[in-house]
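Heads up, the thing below is written out as structure tokens.
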Amino acid sequence: MIRTNWTTATTNYQEALLALQACKGSCRTCWLELRENGDQDFPIKIVNPVLNDPFAWEFSYGTYMSPELLLGHNFLNDTERDLTYNWIAGFGNPVAIELYRKNRELTEGLNAGIGTCFPIRIADAQKYRDTFVGDGYVYPYPGKGSCMVAFWKPKKRIPAYVPDQTIGKVFTVCTDVEGDVISEIDSLERTAKTLMEYAQYLRGKQ
């Protein structure tokens, strides 16, 4: 059995060699392989592109926050930042929510205060309230004063990070485990083969 959980994959052969040396220093038999990014325990990852869609997020919690504190919040991507500053959590009819998601259509029952939770733009929530409620309430915008701020998280079963499919092959430190022992000579030969493969790749790019 081969393990690939010593360290994160890398495209930098010098970083890979340093990681390999550290692994050898821990008295492990190890070698380098060029593997497709994702074919190891710790691939190089990026923020999941699916999370560019505001409706891939769900409401996490709400809290009062000042503009100064909000500036220090670490956002996963621009969509999460936009959601926090320009959207709120609404509750409404699933049919009305789907119309809003597809066409940004405001229909009665969309933001009724009960039902399914969903993200709605503050501007649209205001239009809905003016049209269907008419009580004169004005929604505040986070960042323009202390107010209740909605924070978000990726929906269940949507990972925040995924392997970067644009990278291709990456250096992976591989180690053996008891029951499938690789000799030191074999590990050196495997590493040498990997480095030769990489050198030929670089030569082909010249």
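Residues are named by chain letter and number: chains run A, B, ... in the order of the structure tokens, numbers start at 1 in each chain, and ligands are numbered from 1 in the order shown.
Residues of stretch 91-141 of chain A assigned to helix (DSSP H, G or I) by DSSP on this structure's backbone: Pro94, Val95, Ala96, Ile97, Glu98, Leu99, Tyr100, Arg101, Lys102, Asn103, Ile122, Ala123, Asp124, Ala125, Gln126, Lys127, Tyr128, Arg129, Asp130, Thr131, Phe132 and Val133 of chain A.
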Can you spit out the residues from that selection as a short mmCIF file (atom, residue, chain, number, x, y, z; two decimals), in the first residue's frame, using N, CA, C and O atoms?
```cif
data_model
loop_
_atom_site.label_atom_id
_atom_site.label_comp_id
_atom_site.auth_asym_id
_atom_site.auth_seq_id
_atom_site.Cartn_x
_atom_site.Cartn_y
_atom_site.Cartn_z
N PRO A 94 -41.37 27.93 -1.68
CA PRO A 94 -40.39 27.35 -2.60
C PRO A 94 -40.63 27.69 -4.07
O PRO A 94 -39.67 27.88 -4.83
N VAL A 95 -41.87 27.78 -4.50
CA VAL A 95 -42.17 28.13 -5.89
C VAL A 95 -41.72 29.55 -6.19
O VAL A 95 -41.09 29.84 -7.21
N ALA A 96 -42.04 30.48 -5.28
CA ALA A 96 -41.64 31.87 -5.45
C ALA A 96 -40.12 32.01 -5.39
O ALA A 96 -39.53 32.80 -6.13
N ILE A 97 -39.49 31.22 -4.55
CA ILE A 97 -38.03 31.26 -4.43
C ILE A 97 -37.39 30.82 -5.74
O ILE A 97 -36.41 31.41 -6.21
N GLU A 98 -37.92 29.78 -6.36
CA GLU A 98 -37.36 29.29 -7.62
C GLU A 98 -37.52 30.33 -8.72
O GLU A 98 -36.60 30.51 -9.54
N LEU A 99 -38.63 31.03 -8.77
CA LEU A 99 -38.81 32.09 -9.76
C LEU A 99 -37.80 33.21 -9.53
O LEU A 99 -37.25 33.78 -10.48
N TYR A 100 -37.53 33.50 -8.27
CA TYR A 100 -36.56 34.53 -7.95
C TYR A 100 -35.15 34.08 -8.34
O TYR A 100 -34.37 34.85 -8.90
N ARG A 101 -34.83 32.83 -8.04
CA ARG A 101 -33.50 32.31 -8.36
C ARG A 101 -33.26 32.34 -9.87
O ARG A 101 -32.16 32.69 -10.32
N LYS A 102 -34.26 31.99 -10.65
CA LYS A 102 -34.09 31.90 -12.10
C LYS A 102 -34.15 33.27 -12.79
O LYS A 102 -33.34 33.55 -13.69
N ASN A 103 -35.11 34.10 -12.39
CA ASN A 103 -35.37 35.33 -13.15
C ASN A 103 -35.33 36.60 -12.31
O ASN A 103 -35.63 37.67 -12.82
N ILE A 122 -30.73 42.58 -0.66
CA ILE A 122 -31.37 43.57 0.18
C ILE A 122 -32.25 44.49 -0.65
O ILE A 122 -33.37 44.83 -0.25
N ALA A 123 -31.75 44.88 -1.84
CA ALA A 123 -32.53 45.75 -2.71
C ALA A 123 -33.84 45.10 -3.11
O ALA A 123 -34.89 45.76 -3.17
N ASP A 124 -33.81 43.80 -3.37
CA ASP A 124 -35.03 43.09 -3.76
C ASP A 124 -35.96 42.87 -2.57
O ASP A 124 -37.19 42.92 -2.71
N ALA A 125 -35.37 42.63 -1.40
CA ALA A 125 -36.18 42.49 -0.19
C ALA A 125 -36.91 43.81 0.09
O ALA A 125 -38.08 43.79 0.52
N GLN A 126 -36.23 44.92 -0.19
CA GLN A 126 -36.85 46.23 0.01
C GLN A 126 -38.01 46.44 -0.97
O GLN A 126 -39.09 46.90 -0.59
N LYS A 127 -37.78 46.08 -2.24
CA LYS A 127 -38.85 46.20 -3.24
C LYS A 127 -40.04 45.33 -2.85
O LYS A 127 -41.20 45.74 -2.98
N TYR A 128 -39.73 44.11 -2.40
CA TYR A 128 -40.81 43.20 -2.00
C TYR A 128 -41.61 43.80 -0.84
O TYR A 128 -42.84 43.79 -0.84
N ARG A 129 -40.89 44.34 0.13
CA ARG A 129 -41.57 44.88 1.31
C ARG A 129 -42.42 46.10 0.94
O ARG A 129 -43.54 46.26 1.41
N ASP A 130 -41.86 46.94 0.06
CA ASP A 130 -42.63 48.13 -0.36
C ASP A 130 -43.87 47.73 -1.15
O ASP A 130 -44.92 48.37 -1.04
N THR A 131 -43.75 46.67 -1.95
CA THR A 131 -44.85 46.26 -2.83
C THR A 131 -45.91 45.44 -2.11
O THR A 131 -47.12 45.69 -2.27
N PHE A 132 -45.47 44.45 -1.31
CA PHE A 132 -46.42 43.49 -0.75
C PHE A 132 -46.74 43.71 0.73
O PHE A 132 -47.72 43.17 1.23
N VAL A 133 -45.88 44.47 1.44
CA VAL A 133 -46.11 44.68 2.87
C VAL A 133 -46.52 46.13 3.14
O VAL A 133 -47.51 46.41 3.78
#
```
Atom CA of A:Thr29 to atom CA of A:Phe171, distance in Å rounded to a single decimal: 16.5 Å
Residue among A:Gln165, A:Thr175, A:Thr63, A:Ser183 lying closest to A:Ile2, counting only C-alpha atoms: A:Thr175
Surrounding residues of A:Leu34 excluding itself and chain neighbours under 3 positions, 10 Å, only C-alpha atoms, as number ranges by chain: A: 9-11, 37, 39, 168-173, 191, 193-195, 197-198
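Note that the spacing between atom CA of A:Pro163 and atom CA of A:Gln14 amounts to 21.4 Å.
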